[in-house]
Amino acid sequence: MAKITPQNHTVLCKDVKKTYTIGENRVLALRGIDLEVRSGELLMLVGPSGCGKTTLISIIAGILNYDGGSCTVLDNSLEILSEVEKNRFRAKNIGFVFQAFNLIPSLTAAENVAVPLIINGMERLLAIDQAKELLKEMGLEDKVDSDPKNLSGGQQQRVAIARALIHSPRLIVCDEPTSALDGETGHKILELMKKIALKEDRALIVVTHDIRIFPFADRIAMMEDGKVTRVVNSYKDALKNEEEKIITGNK
Amino acid sequence: MGDRGKFLGILLGLSFASIIMTQQPGIFVGIMTRAFSFISDIGIADIWVADPMVKYIDDSKGMPSTMLYRVASVPGVDWAKPLYKGNIQARMLDGNFQTCNVIGIDDATMVGGPLRMVEGNVADLRQDNAIIINKEGADDKLAHSPRYPGGPKIPLKIGDVIEVNDNRAKVVGIAKTTRTFMSMPVIFTTYNRALTFAPPQRDFLSFVLVKVKKGEDIQKVKQKIKNVTKMGVYTRGEFEDLTVNYYLKYTAIPINFGFAVLLGFLVGAIIAAQTFYSFTLENLKYFGVLKAMGTQNSTLLKMILLQAGTVGALGYGLGLGGTFLFSLYVGQEGMLAFRFPWQLLVFSFCGVLFITLLSALISIRKVITLEAAIVFKG
Ligand SMILES: Nc1ncnc2c1ncn2[C@@H]1O[C@H](COP(=O)(O)OP(=O)(O)OP(=O)(O)O)[C@@H](O)[C@H]1O
Ligand SMILES: [Mg+2]
């Protein structure tokens with residue numbers, strides 16, 4: 001396990017707060033989050049529905065502003081970046097994997113994977129060549145020119161993972177990456193992510209409800225009602241906690 | 001990001017607007033051109049003199065016949081010729097009456113006579129009781145009744161005799177005239193014979209046609225004639241404008257066409273903008289994905305403009321193509337006039353461009369204000 005020094009954490013959140021305001025209604029979604037994500041680890045974020053998991057990774061990924069505390073990602077203080085700088089920062093450093101895959105339907109698999117490279121200014125054909133290489137590595141050699149709608153869920157998610165990795169980002173955020181897939185496929189996806197996504201200088205944050213993939217986590221951060229309540233090193237600890245909840249009916 | 005149905009919808013809206021905005025003004029300009037075709041056809045006359053109350057070419061108010069000599073004596077005038085233009089009842093062989101537009105041209109020089117003859121000669125007007133009839137009139141309104149009910153009309157031909165206001169008139173020629181605004185048959189005859197045809201009235205001289213001497217300034221001569229005669233004096237171009245302006249001001253024609261154009265524009269704009277917008281909404285999730293992945297707003301703006309520009313160009317092209325095919329088809333029938341001066345093409349291009357930009361703008365606003373954070377929402 002890597003040591004905790006300023007150099008080898010990827011994300012450091014201190015007392016991060018977020019309130020959503022819709023008209024008169026205010027929802028306190030994050031009530032002071034303290035969280036560290038270390039380089040080289042796969043951190044899972046778990047907790048009951050509505051506890052703020054998606055809100056938190058949106059903030060960490062730089063697509064949502066927060067209103068209190070500080071959040072440092074790859075040594076960048078997110079609160080001081082302008083919108084344009086933040087866009088550039090994300091384009092370079094962040095990879096996204098979504099529950100619904102979100103592949104662009106009018107582009108082929110390879111073109112989808114090439115998008116982050118093109119956003120970073122690479123010439124289109126060159127980018128598509130690189131995308132094809134990566135898809136080949138991931139066992140999708142014969143699908144590079146397919147439309148997303150002609151791929152199975154597992155294949156689409158593999159393409160999406162390739163898209164999240166192609167530009168070698170140092171932080172990859174995944175929101176429920178397996179919940180649209182069957183158990184076996186979900187398992188394979190996590191296996192693949194651990195194998196090719198995780199590197200010494202990279203971190204993965206995976207938000208999930210899926211107990212079956214807990215074993216892939218290096219650490220598990222448990223959230224409840226807008227706070228990180230516990231960070232455990234073993235999925236067994238996490239499961240114990242989940243079971244307790246089920247038994248006590250405290251969901 | 002493509003969706004064939006939506007794409008076709010946008011294209012349809014734009015083509016529709018493009019067609020309406022080109023074709024309707026095209027017909028309008030055509031009709032307006034016809035309105036003064038009689039003036040442009042007499043290209044030899046530099047200046048037209050008419051009663052000051054005359055507001056357009058088909059408006060006849062006679063001037064005293066002495067006016068001809070007063071105009072002719074103005075310095076700078078090469079020659080001045082009389083022209084009679086009036087509506088007179090003709091009685092056809094079968095006894096039916098038909099109002100005709102009678103043109104009386106200078107007996108000696110035949111200035112103002114028909115430009116293209118289908119049969120016969122303009123000079124044949126010098127024969128006794130001679131008239132020349134335009135082809136449309138001869139074939140239709142002045143034609144003999146069919147031999148049997150429902151059969152074809154029998155065109156009037158050279159040698160036939162009709163009565164013009166109870167005067168015997170013999171057809172000596174058939175002329176091709178530019179279709180006029182009024183679809184009355186046209187009868188050409190000499191000025192003096194036209195006076196015998198015309199019902200009694202105080203003054204017969206409808207117009208004086210003036211040729212300016214070589215080297216003289218037309219505007220200056222015009223002013224001199226005006227000073228001397230106190231009549232309405234116009235250069236050929238001015239008289240054409242006067243006629244068009246009359247129709248623009250005092251008839252519902254421009255309003256009808258303007259309304260059609262506006263309607264085409266609105267319907268096209270609504271279809272195109274609405275479809276384009278719903279297309280954007282449908283793909284909003286993917287715009288969100290692109291935003292999350294770090295695409296700058298300026299890039300998204302360019303993307304949308306490019307998409308809109310592409311369908312805009314296609315729609316305009318298809319619309320123009322459609323309009324020209326339509327005008328070829330209808331133009332052959334001769335029923336409608338089409339004119340497409342380049343200004344008109346610029347006009348409809350601007351219309352389509354405006355719709356395209358409008359469509360793009362609504363979508364751009366939506367995409368720019370979009371929160372990238374929606375990508376994680378189910
Ligand atoms: N855009 C928004 N506007 C208003 N309230 C919001 C918005 N997004 C989330 N919330 C609220 O903030 C709280 C946290 O939501 P969030 O989506 O982060 O939870 P979550 O842990 O991801 O839940 P789930 O497991 O169901 O995905 C919830 O109460 C939610 O209703
Ligand atoms: Mg969530």
# chains A, B, ... in the order shown; residues from 1 in each chain; ligands from 1
>>> interface_residues(of="chain B", to="chain A", cutoff="12 Å", atoms="only C-alpha atoms", output="PyMOL selection string")
chain B and resi 1-4+282-300+368+370-378
>>> select_by_dssp(residues="range 21-165 of chain A", states="alpha helix (DSSP H)", output="compact mmCIF listing (two decimals) with all heavy atoms, in the first residue's frame")
# COMPACT_ATOMS: atom_id res chain seq x y z
N LYS A 53 -23.33 10.25 -3.30
CA LYS A 53 -22.19 9.66 -4.01
C LYS A 53 -21.95 10.33 -5.37
O LYS A 53 -20.83 10.74 -5.69
CB LYS A 53 -22.43 8.14 -4.23
CG LYS A 53 -22.72 7.37 -2.96
CD LYS A 53 -22.94 5.90 -3.23
CE LYS A 53 -24.16 5.59 -4.07
NZ LYS A 53 -25.46 5.84 -3.36
N THR A 54 -23.04 10.43 -6.14
CA THR A 54 -22.91 11.03 -7.47
C THR A 54 -22.48 12.49 -7.36
O THR A 54 -21.62 12.97 -8.12
CB THR A 54 -24.24 10.91 -8.24
OG1 THR A 54 -24.54 9.52 -8.40
CG2 THR A 54 -24.15 11.57 -9.60
N THR A 55 -23.05 13.17 -6.38
CA THR A 55 -22.67 14.57 -6.17
C THR A 55 -21.17 14.68 -5.91
O THR A 55 -20.48 15.51 -6.50
CB THR A 55 -23.47 15.15 -4.99
OG1 THR A 55 -24.86 14.98 -5.24
CG2 THR A 55 -23.16 16.62 -4.78
N LEU A 56 -20.68 13.79 -5.06
CA LEU A 56 -19.27 13.86 -4.69
C LEU A 56 -18.35 13.59 -5.89
O LEU A 56 -17.40 14.34 -6.13
CB LEU A 56 -18.97 12.87 -3.56
CG LEU A 56 -17.52 12.83 -3.07
CD1 LEU A 56 -17.05 14.21 -2.63
CD2 LEU A 56 -17.35 11.82 -1.94
N ILE A 57 -18.63 12.52 -6.66
CA ILE A 57 -17.70 12.29 -7.78
C ILE A 57 -17.85 13.35 -8.87
O ILE A 57 -16.90 13.64 -9.59
CB ILE A 57 -17.78 10.87 -8.41
CG1 ILE A 57 -19.16 10.58 -8.96
CG2 ILE A 57 -17.28 9.81 -7.47
CD1 ILE A 57 -19.11 9.43 -9.97
N SER A 58 -19.03 13.95 -8.98
CA SER A 58 -19.17 15.04 -9.96
C SER A 58 -18.27 16.20 -9.57
O SER A 58 -17.64 16.83 -10.43
CB SER A 58 -20.62 15.52 -10.02
OG SER A 58 -21.47 14.46 -10.39
N ILE A 59 -18.20 16.46 -8.26
CA ILE A 59 -17.33 17.55 -7.79
C ILE A 59 -15.86 17.19 -8.02
O ILE A 59 -15.09 17.99 -8.56
CB ILE A 59 -17.60 17.83 -6.30
CG1 ILE A 59 -18.96 18.53 -6.17
CG2 ILE A 59 -16.48 18.69 -5.70
CD1 ILE A 59 -19.43 18.70 -4.74
N ILE A 60 -15.52 15.95 -7.66
CA ILE A 60 -14.12 15.53 -7.82
C ILE A 60 -13.71 15.56 -9.30
O ILE A 60 -12.59 15.94 -9.64
CB ILE A 60 -13.91 14.12 -7.22
CG1 ILE A 60 -14.05 14.18 -5.70
CG2 ILE A 60 -12.56 13.54 -7.62
CD1 ILE A 60 -14.07 12.83 -5.02
N GLU A 83 -13.69 28.26 -15.83
CA GLU A 83 -14.43 27.22 -16.56
C GLU A 83 -13.59 26.64 -17.70
O GLU A 83 -13.53 25.44 -17.89
CB GLU A 83 -15.75 27.77 -17.10
CG GLU A 83 -16.85 27.92 -16.07
CD GLU A 83 -17.15 26.62 -15.30
OE1 GLU A 83 -17.32 25.58 -15.96
OE2 GLU A 83 -17.19 26.66 -14.05
N VAL A 84 -12.95 27.55 -18.43
CA VAL A 84 -12.17 27.09 -19.57
C VAL A 84 -10.99 26.23 -19.10
O VAL A 84 -10.69 25.18 -19.68
CB VAL A 84 -11.67 28.30 -20.40
CG1 VAL A 84 -10.66 27.88 -21.45
CG2 VAL A 84 -12.85 29.01 -21.06
N GLU A 85 -10.35 26.67 -18.02
CA GLU A 85 -9.23 25.88 -17.48
C GLU A 85 -9.70 24.52 -16.98
O GLU A 85 -9.03 23.50 -17.15
CB GLU A 85 -8.56 26.64 -16.33
CG GLU A 85 -7.70 27.80 -16.78
CD GLU A 85 -7.31 28.71 -15.62
OE1 GLU A 85 -8.01 28.70 -14.57
OE2 GLU A 85 -6.32 29.43 -15.76
N LYS A 86 -10.90 24.54 -16.36
CA LYS A 86 -11.44 23.30 -15.83
C LYS A 86 -11.75 22.33 -16.98
O LYS A 86 -11.50 21.12 -16.87
CB LYS A 86 -12.70 23.59 -15.02
CG LYS A 86 -12.73 22.86 -13.70
CD LYS A 86 -14.06 23.02 -13.02
CE LYS A 86 -14.06 24.20 -12.09
NZ LYS A 86 -15.36 24.39 -11.43
N ASN A 87 -12.29 22.87 -18.08
CA ASN A 87 -12.54 22.02 -19.26
C ASN A 87 -11.24 21.38 -19.72
O ASN A 87 -11.18 20.18 -20.00
CB ASN A 87 -13.12 22.85 -20.41
CG ASN A 87 -14.56 23.26 -20.14
OD1 ASN A 87 -15.22 22.70 -19.27
ND2 ASN A 87 -15.04 24.25 -20.88
N ARG A 88 -10.21 22.20 -19.80
CA ARG A 88 -8.92 21.70 -20.28
C ARG A 88 -8.35 20.65 -19.31
O ARG A 88 -7.82 19.63 -19.73
CB ARG A 88 -7.95 22.88 -20.42
CG ARG A 88 -7.11 22.81 -21.68
CD ARG A 88 -6.27 24.05 -21.86
NE ARG A 88 -6.99 25.14 -22.52
CZ ARG A 88 -6.90 26.42 -22.15
NH1 ARG A 88 -6.15 26.78 -21.12
NH2 ARG A 88 -7.55 27.33 -22.82
N PHE A 89 -8.52 20.95 -18.02
CA PHE A 89 -8.06 20.03 -16.98
C PHE A 89 -8.75 18.67 -17.12
O PHE A 89 -8.10 17.62 -17.09
CB PHE A 89 -8.36 20.65 -15.61
CG PHE A 89 -8.19 19.72 -14.45
CD1 PHE A 89 -6.92 19.44 -13.94
CD2 PHE A 89 -9.30 19.11 -13.85
CE1 PHE A 89 -6.77 18.57 -12.87
CE2 PHE A 89 -9.15 18.25 -12.78
CZ PHE A 89 -7.89 17.97 -12.29
N ARG A 90 -10.06 18.68 -17.31
CA ARG A 90 -10.80 17.42 -17.45
C ARG A 90 -10.40 16.68 -18.71
O ARG A 90 -10.22 15.47 -18.71
CB ARG A 90 -12.31 17.69 -17.50
CG ARG A 90 -12.93 18.06 -16.19
CD ARG A 90 -14.44 17.81 -16.24
NE ARG A 90 -15.09 18.45 -17.38
CZ ARG A 90 -15.51 19.71 -17.38
NH1 ARG A 90 -15.34 20.47 -16.31
NH2 ARG A 90 -16.09 20.21 -18.45
N ALA A 91 -10.26 17.46 -19.79
CA ALA A 91 -9.93 16.83 -21.06
C ALA A 91 -8.62 16.05 -20.93
O ALA A 91 -8.45 14.99 -21.52
CB ALA A 91 -9.81 17.89 -22.16
N LYS A 92 -7.72 16.58 -20.15
CA LYS A 92 -6.40 15.97 -20.05
C LYS A 92 -6.35 14.86 -18.98
O LYS A 92 -5.75 13.82 -19.19
CB LYS A 92 -5.39 17.08 -19.68
CG LYS A 92 -3.95 16.67 -19.80
CD LYS A 92 -3.07 17.92 -19.84
CE LYS A 92 -1.60 17.53 -19.64
NZ LYS A 92 -1.30 17.15 -18.26
N ASN A 93 -7.03 15.10 -17.84
CA ASN A 93 -6.77 14.26 -16.67
C ASN A 93 -7.87 13.31 -16.23
O ASN A 93 -7.63 12.44 -15.41
CB ASN A 93 -6.43 15.15 -15.47
CG ASN A 93 -5.18 15.96 -15.71
OD1 ASN A 93 -4.15 15.41 -16.06
ND2 ASN A 93 -5.29 17.27 -15.55
N ALA A 109 -17.67 2.51 -32.83
CA ALA A 109 -16.96 2.24 -31.57
C ALA A 109 -15.62 2.97 -31.55
O ALA A 109 -15.29 3.67 -30.59
CB ALA A 109 -16.75 0.73 -31.43
N ALA A 110 -14.86 2.82 -32.61
CA ALA A 110 -13.53 3.43 -32.65
C ALA A 110 -13.62 4.95 -32.59
O ALA A 110 -12.82 5.61 -31.91
CB ALA A 110 -12.79 2.99 -33.90
N GLU A 111 -14.59 5.52 -33.30
CA GLU A 111 -14.74 6.98 -33.28
C GLU A 111 -15.10 7.46 -31.88
O GLU A 111 -14.60 8.50 -31.42
CB GLU A 111 -15.82 7.42 -34.28
CG GLU A 111 -15.37 7.32 -35.73
CD GLU A 111 -16.51 7.42 -36.73
OE1 GLU A 111 -17.69 7.26 -36.33
OE2 GLU A 111 -16.24 7.64 -37.91
N ASN A 112 -15.97 6.70 -31.19
CA ASN A 112 -16.31 7.06 -29.81
C ASN A 112 -15.07 7.08 -28.94
O ASN A 112 -14.87 8.02 -28.15
CB ASN A 112 -17.31 6.06 -29.24
CG ASN A 112 -18.74 6.55 -29.37
OD1 ASN A 112 -19.15 7.45 -28.66
ND2 ASN A 112 -19.48 5.96 -30.30
N VAL A 113 -14.25 6.06 -29.09
CA VAL A 113 -13.06 5.96 -28.25
C VAL A 113 -12.08 7.09 -28.57
O VAL A 113 -11.37 7.59 -27.70
CB VAL A 113 -12.38 4.58 -28.44
CG1 VAL A 113 -11.07 4.51 -27.69
CG2 VAL A 113 -13.32 3.47 -27.98
N ALA A 114 -12.11 7.54 -29.83
CA ALA A 114 -11.16 8.57 -30.26
C ALA A 114 -11.53 9.97 -29.75
O ALA A 114 -10.69 10.88 -29.75
CB ALA A 114 -11.07 8.59 -31.78
N VAL A 115 -12.79 10.15 -29.30
CA VAL A 115 -13.27 11.49 -28.95
C VAL A 115 -12.35 12.24 -27.97
O VAL A 115 -11.97 13.39 -28.23
CB VAL A 115 -14.73 11.45 -28.44
CG1 VAL A 115 -15.13 12.75 -27.78
CG2 VAL A 115 -15.68 11.15 -29.59
N PRO A 116 -11.93 11.61 -26.84
CA PRO A 116 -11.08 12.37 -25.91
C PRO A 116 -9.77 12.83 -26.54
O PRO A 116 -9.29 13.93 -26.22
CB PRO A 116 -10.80 11.36 -24.78
CG PRO A 116 -11.96 10.42 -24.83
CD PRO A 116 -12.30 10.29 -26.28
N LEU A 117 -9.22 12.04 -27.43
CA LEU A 117 -7.98 12.45 -28.10
C LEU A 117 -8.24 13.66 -28.99
O LEU A 117 -7.44 14.60 -29.04
CB LEU A 117 -7.42 11.30 -28.95
CG LEU A 117 -6.90 10.07 -28.18
CD1 LEU A 117 -6.44 9.00 -29.16
CD2 LEU A 117 -5.76 10.48 -27.26
N ILE A 118 -9.38 13.62 -29.69
CA ILE A 118 -9.72 14.73 -30.59
C ILE A 118 -9.97 16.00 -29.77
O ILE A 118 -9.53 17.09 -30.14
CB ILE A 118 -10.94 14.37 -31.46
CG1 ILE A 118 -10.58 13.20 -32.38
CG2 ILE A 118 -11.40 15.57 -32.28
CD1 ILE A 118 -11.74 12.56 -33.09
N ILE A 119 -10.65 15.82 -28.63
CA ILE A 119 -10.87 16.99 -27.76
C ILE A 119 -9.53 17.58 -27.33
O ILE A 119 -9.37 18.79 -27.22
CB ILE A 119 -11.71 16.60 -26.53
CG1 ILE A 119 -13.14 16.25 -26.95
CG2 ILE A 119 -11.73 17.73 -25.49
CD1 ILE A 119 -14.02 15.73 -25.83
N ARG A 124 -7.81 13.74 -36.37
CA ARG A 124 -8.89 12.77 -36.27
C ARG A 124 -8.47 11.34 -36.67
O ARG A 124 -8.71 10.38 -35.92
CB ARG A 124 -10.07 13.24 -37.14
CG ARG A 124 -11.33 12.45 -36.94
CD ARG A 124 -12.52 13.10 -37.60
NE ARG A 124 -13.60 12.13 -37.67
CZ ARG A 124 -13.74 11.26 -38.66
NH1 ARG A 124 -12.91 11.28 -39.66
NH2 ARG A 124 -14.73 10.38 -38.63
N LEU A 125 -7.86 11.21 -37.83
CA LEU A 125 -7.54 9.87 -38.31
C LEU A 125 -6.51 9.18 -37.41
O LEU A 125 -6.61 7.99 -37.12
CB LEU A 125 -7.02 9.93 -39.75
CG LEU A 125 -8.09 10.30 -40.77
CD1 LEU A 125 -7.50 10.39 -42.18
CD2 LEU A 125 -9.25 9.30 -40.74
N LEU A 126 -5.56 9.97 -36.95
CA LEU A 126 -4.55 9.45 -36.04
C LEU A 126 -5.22 8.95 -34.76
O LEU A 126 -4.92 7.86 -34.25
CB LEU A 126 -3.57 10.57 -35.71
CG LEU A 126 -2.20 10.15 -35.16
CD1 LEU A 126 -1.45 9.35 -36.21
CD2 LEU A 126 -1.41 11.40 -34.76
N ALA A 127 -6.15 9.76 -34.26
CA ALA A 127 -6.87 9.41 -33.03
C ALA A 127 -7.64 8.10 -33.23
O ALA A 127 -7.65 7.23 -32.35
CB ALA A 127 -7.82 10.54 -32.65
N ILE A 128 -8.28 7.96 -34.38
CA ILE A 128 -9.07 6.74 -34.63
C ILE A 128 -8.15 5.52 -34.71
O ILE A 128 -8.47 4.44 -34.21
CB ILE A 128 -9.93 6.91 -35.90
CG1 ILE A 128 -11.03 7.94 -35.63
CG2 ILE A 128 -10.54 5.59 -36.33
CD1 ILE A 128 -11.86 8.31 -36.83
N ASP A 129 -6.97 5.71 -35.30
CA ASP A 129 -5.99 4.61 -35.34
C ASP A 129 -5.63 4.14 -33.94
O ASP A 129 -5.61 2.95 -33.65
CB ASP A 129 -4.72 5.07 -36.07
CG ASP A 129 -4.86 4.86 -37.58
OD1 ASP A 129 -5.83 4.20 -37.99
OD2 ASP A 129 -4.00 5.38 -38.33
N GLN A 130 -5.34 5.12 -33.08
CA GLN A 130 -4.99 4.76 -31.70
C GLN A 130 -6.15 4.08 -31.00
O GLN A 130 -5.96 3.12 -30.24
CB GLN A 130 -4.60 6.02 -30.91
CG GLN A 130 -3.22 6.55 -31.30
CD GLN A 130 -2.69 7.49 -30.23
OE1 GLN A 130 -3.18 7.52 -29.11
NE2 GLN A 130 -1.65 8.23 -30.59
N ALA A 131 -7.36 4.57 -31.27
CA ALA A 131 -8.55 3.99 -30.65
C ALA A 131 -8.69 2.53 -31.07
O ALA A 131 -8.99 1.65 -30.25
CB ALA A 131 -9.78 4.78 -31.06
N LYS A 132 -8.42 2.26 -32.34
CA LYS A 132 -8.53 0.88 -32.84
C LYS A 132 -7.52 -0.02 -32.14
O LYS A 132 -7.83 -1.17 -31.78
CB LYS A 132 -8.33 0.85 -34.35
CG LYS A 132 -9.54 1.38 -35.10
CD LYS A 132 -9.38 1.31 -36.61
CE LYS A 132 -10.66 1.76 -37.29
NZ LYS A 132 -10.49 1.99 -38.73
N GLU A 133 -6.32 0.51 -31.94
CA GLU A 133 -5.28 -0.26 -31.23
C GLU A 133 -5.76 -0.68 -29.85
O GLU A 133 -5.66 -1.85 -29.46
CB GLU A 133 -4.00 0.60 -31.07
CG GLU A 133 -3.11 0.60 -32.29
CD GLU A 133 -2.70 -0.81 -32.70
OE1 GLU A 133 -2.23 -1.57 -31.83
OE2 GLU A 133 -2.89 -1.14 -33.89
N LEU A 134 -6.30 0.31 -29.14
CA LEU A 134 -6.74 0.04 -27.77
C LEU A 134 -7.89 -0.97 -27.75
O LEU A 134 -7.92 -1.88 -26.93
CB LEU A 134 -7.15 1.34 -27.08
CG LEU A 134 -7.59 1.21 -25.62
CD1 LEU A 134 -6.49 0.59 -24.77
CD2 LEU A 134 -7.97 2.57 -25.04
N LEU A 135 -8.84 -0.79 -28.67
CA LEU A 135 -9.97 -1.73 -28.72
C LEU A 135 -9.47 -3.15 -29.00
O LEU A 135 -10.00 -4.13 -28.48
CB LEU A 135 -10.98 -1.28 -29.78
CG LEU A 135 -11.85 -0.08 -29.37
CD1 LEU A 135 -12.67 0.43 -30.55
CD2 LEU A 135 -12.77 -0.45 -28.21
N LYS A 136 -8.45 -3.23 -29.83
CA LYS A 136 -7.85 -4.52 -30.15
C LYS A 136 -7.33 -5.16 -28.86
O LYS A 136 -7.60 -6.32 -28.56
CB LYS A 136 -6.69 -4.30 -31.13
CG LYS A 136 -6.54 -5.40 -32.18
CD LYS A 136 -5.38 -5.12 -33.11
CE LYS A 136 -5.77 -4.22 -34.27
NZ LYS A 136 -4.63 -3.99 -35.20
N GLU A 137 -6.60 -4.36 -28.07
CA GLU A 137 -6.06 -4.85 -26.80
C GLU A 137 -7.16 -5.36 -25.88
O GLU A 137 -6.95 -6.25 -25.08
CB GLU A 137 -5.36 -3.69 -26.06
CG GLU A 137 -3.85 -3.72 -26.11
CD GLU A 137 -3.31 -2.47 -25.43
OE1 GLU A 137 -3.49 -2.35 -24.20
OE2 GLU A 137 -2.74 -1.61 -26.15
N GLY A 153 -24.42 -5.03 -24.06
CA GLY A 153 -24.13 -4.12 -22.95
C GLY A 153 -22.69 -4.22 -22.49
O GLY A 153 -22.02 -3.20 -22.30
N GLY A 154 -22.22 -5.45 -22.34
CA GLY A 154 -20.84 -5.65 -21.88
C GLY A 154 -19.85 -5.07 -22.88
O GLY A 154 -18.86 -4.41 -22.49
N GLN A 155 -20.12 -5.27 -24.17
CA GLN A 155 -19.23 -4.72 -25.20
C GLN A 155 -19.26 -3.20 -25.19
O GLN A 155 -18.22 -2.54 -25.29
CB GLN A 155 -19.65 -5.24 -26.58
CG GLN A 155 -19.29 -6.71 -26.78
CD GLN A 155 -19.97 -7.29 -28.01
OE1 GLN A 155 -21.01 -6.80 -28.46
NE2 GLN A 155 -19.40 -8.36 -28.54
N GLN A 156 -20.46 -2.64 -25.03
CA GLN A 156 -20.56 -1.18 -24.98
C GLN A 156 -19.77 -0.62 -23.81
O GLN A 156 -19.08 0.38 -23.93
CB GLN A 156 -22.03 -0.74 -24.85
CG GLN A 156 -22.82 -0.93 -26.11
CD GLN A 156 -24.17 -0.23 -26.04
OE1 GLN A 156 -24.25 0.94 -25.70
NE2 GLN A 156 -25.23 -0.95 -26.37
N GLN A 157 -19.87 -1.31 -22.65
CA GLN A 157 -19.15 -0.79 -21.49
C GLN A 157 -17.64 -0.93 -21.69
O GLN A 157 -16.88 -0.09 -21.25
CB GLN A 157 -19.62 -1.49 -20.21
CG GLN A 157 -19.27 -0.76 -18.92
CD GLN A 157 -19.82 0.68 -18.84
OE1 GLN A 157 -19.59 1.49 -19.74
NE2 GLN A 157 -20.54 0.99 -17.77
N ARG A 158 -17.23 -1.95 -22.41
CA ARG A 158 -15.79 -2.06 -22.70
C ARG A 158 -15.34 -0.93 -23.61
O ARG A 158 -14.26 -0.34 -23.42
CB ARG A 158 -15.47 -3.42 -23.33
CG ARG A 158 -15.02 -4.44 -22.29
CD ARG A 158 -15.53 -5.80 -22.61
NE ARG A 158 -14.74 -6.47 -23.65
CZ ARG A 158 -15.19 -7.55 -24.32
NH1 ARG A 158 -16.40 -8.04 -24.06
NH2 ARG A 158 -14.44 -8.12 -25.22
N VAL A 159 -16.17 -0.61 -24.59
CA VAL A 159 -15.84 0.53 -25.46
C VAL A 159 -15.77 1.81 -24.61
O VAL A 159 -14.84 2.62 -24.76
CB VAL A 159 -16.89 0.70 -26.59
CG1 VAL A 159 -16.63 1.97 -27.38
CG2 VAL A 159 -16.87 -0.51 -27.51
N ALA A 160 -16.73 1.95 -23.69
CA ALA A 160 -16.76 3.14 -22.84
C ALA A 160 -15.50 3.21 -21.98
O ALA A 160 -14.96 4.30 -21.75
CB ALA A 160 -18.01 3.15 -21.98
N ILE A 161 -15.06 2.06 -21.50
CA ILE A 161 -13.84 2.04 -20.69
C ILE A 161 -12.63 2.43 -21.55
O ILE A 161 -11.77 3.21 -21.12
CB ILE A 161 -13.65 0.66 -20.03
CG1 ILE A 161 -14.72 0.48 -18.93
CG2 ILE A 161 -12.26 0.53 -19.42
CD1 ILE A 161 -14.83 -0.93 -18.41
N ALA A 162 -12.61 1.91 -22.76
CA ALA A 162 -11.53 2.31 -23.67
C ALA A 162 -11.54 3.82 -23.86
O ALA A 162 -10.49 4.48 -23.86
CB ALA A 162 -11.70 1.60 -25.01
N ARG A 163 -12.76 4.39 -24.00
CA ARG A 163 -12.88 5.83 -24.18
C ARG A 163 -12.37 6.58 -22.94
O ARG A 163 -11.78 7.65 -23.05
CB ARG A 163 -14.33 6.21 -24.46
CG ARG A 163 -14.56 7.70 -24.63
CD ARG A 163 -15.97 8.03 -25.03
NE ARG A 163 -16.93 7.73 -23.97
CZ ARG A 163 -18.23 7.98 -24.07
NH1 ARG A 163 -18.73 8.49 -25.18
NH2 ARG A 163 -19.04 7.69 -23.07
N ALA A 164 -12.58 5.97 -21.76
CA ALA A 164 -12.14 6.63 -20.53
C ALA A 164 -10.63 6.54 -20.34
O ALA A 164 -10.06 7.28 -19.55
CB ALA A 164 -12.86 6.03 -19.33
N LEU A 165 -9.99 5.60 -21.07
CA LEU A 165 -8.55 5.36 -20.86
C LEU A 165 -7.66 5.91 -21.96
O LEU A 165 -6.46 6.11 -21.75
CB LEU A 165 -8.29 3.85 -20.78
CG LEU A 165 -8.91 3.11 -19.60
CD1 LEU A 165 -8.63 1.61 -19.75
CD2 LEU A 165 -8.34 3.64 -18.30
>>> residues_around(residues="Ile47 in chain B", least_positions_apart="2", cutoff="7 Å", atoms="only C-alpha atoms", output="JSON, numbers by chain")
{"B": [45, 49, 209, 210, 211, 222, 233, 234, 235, 236]}
>>> write_last_selection(atoms="C-alpha atoms", output="CSV table (one decimal), in the first residue's frame")
chain,number,residue,atom,x,y,z
B,45,ALA,CA,-39.4,56.0,-77.0
B,49,VAL,CA,-46.0,62.3,-72.0
B,209,LEU,CA,-44.0,59.1,-77.4
B,210,VAL,CA,-40.8,61.2,-77.7
B,211,LYS,CA,-37.5,60.4,-79.2
B,222,LYS,CA,-38.0,65.9,-70.1
B,233,VAL,CA,-43.6,63.6,-68.4
B,234,TYR,CA,-41.6,60.6,-67.7
B,235,THR,CA,-38.6,58.8,-69.0
B,236,ARG,CA,-39.3,55.2,-70.0
>>> residues_near_ligand(ligand="ligand 1", cutoff="7 Å", atoms="only C-alpha atoms and all ligand atoms", output="list in words")
Tyr20, Thr21, Ile22, Val27, Leu28, Ala29, Gly47, Pro48, Ser49, Gly50, Cys51, Gly52, Lys53, Thr54, Thr55 and Leu56 of chain A
>>> residues_around(residues="range 200-207 of chain A", least_positions_apart="4", cutoff="6 Å", atoms="only C-alpha atoms", output="PyMOL selection string")
chain A and resi 39-45+170-176
>>> closest_residue(among="A:Asn150, A:Thr185, A:Ser234, A:Ser179", to="ligand 2", atoms="only C-alpha atoms and all ligand atoms")
A:Ser179
>>> residues_around(residues="Val37 in chain A", least_positions_apart="6", cutoff="7 Å", atoms="only C-alpha atoms", output="list in words")
His9, Thr10, Val11, Leu12 and Leu43 of chain A
